[in-house]
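Shown next, in structure tokens, is the structure this report addresses.
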Amino acid sequence: MKARIIVTLKTGVLDPQGKAIESALKSFGIQDVGGVRQGKVFDVEIEATDRAGAEATLKSACEKLLANTVVENYAIEIA
């Protein structure tokens with residue numbers, strides 16, 4: 001199975017990298033952007049026989065390593 005994990009900062013957590021990206025875009029003349037937030041994407045191949053088992057394994061991976069759940073949210077998409 002293939003999965004995509006998307007990790008983003010929680011609402012209210014400052015995102016200095018997102019602000020820097022927004023500023024850089026504006027300096028390149030792209031003025032219609034605002035509120036840029038950056039995150040991480042992980043594409044994972046997982047050997048699982050069922051969707052529920054794959055999701056449980058990926059959730060464990062997120063909570064132990066891929067996301068800092070104090071300041072980040074994550075979403076798991078299984079294809």
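So you can find residues: chains in the structure tokens are A, B, ... in the order shown, residues in each start at 1, and ligands are numbered from 1 in order.
The residues of chain A that DSSP assigns to helix (DSSP H, G or I) on this backbone come out as Pro16, Gln17, Gly18, Lys19, Ala20, Ile21, Glu22, Ser23, Ala24, Leu25, Lys26, Ser27, Arg51, Ala52, Gly53, Ala54, Glu55, Ala56, Thr57, Leu58, Lys59, Ser60, Ala61, Cys62, Glu63, Lys64, Leu65 and Leu66 of chain A.
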### Backbone-only DSSP, strand (DSSP E) members of segment 9-68 of chain A, as a PyMOL selection string
chain A and resi 9+39-45
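When the distance limit is 10 Å and only C-alpha atoms are what count, the residues near Pro16 of chain A, minus those fewer than 3 positions from it on the same chain, are A:Val13, A:Lys19, A:Ala20, A:Ile21, A:Glu22, A:Val36, A:Arg37, A:Gln38.
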Residues just named, written with C-alpha atoms as a compact mmCIF listing (two decimals), in the first residue's frame:
# COMPACT_ATOMS: atom_id res chain seq x y z
CA VAL A 13 1.65 28.14 16.45
CA LYS A 19 6.37 34.09 6.99
CA ALA A 20 9.79 34.03 5.27
CA ILE A 21 8.29 32.19 2.28
CA GLU A 22 5.43 34.69 2.10
CA VAL A 36 1.61 31.03 4.05
CA ARG A 37 2.14 28.01 6.34
CA GLN A 38 4.77 25.40 5.62
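Nearest-residue note for Val41 of chain A: choosing from A:Ile6, A:Ala75, A:Ala54, A:Cys62, the minimum distance belongs to A:Ile6, counting only C-alpha atoms.
With only C-alpha atoms as the atoms that count, the minimum distance from Met1 of chain A to the choices A:Asn68, A:Thr49, A:Ser60, A:Ser23 is reached by A:Thr49.
The space separating atom CA of Val33 of chain A from atom CA of Leu66 of chain A comes to 28.1 Å.
The shortest atom-to-atom distance to Ile5 of chain A, with only C-alpha atoms taken into account, belongs to A:Asp43 out of A:Glu63, A:Glu72, A:Asp50, A:Asp43.
Considering the residues A:Lys64, A:Lys26, A:Arg51, A:Lys10 and counting only C-alpha atoms, Glu77 of chain A has its shortest atom-to-atom contact with A:Arg51.
Note that atom CA of Gly34 of chain A and atom CA of Tyr74 of chain A are 22.3 Å apart.
One finds atom CA of Ala61 of chain A at 12.3 Å from atom CA of Arg4 of chain A.
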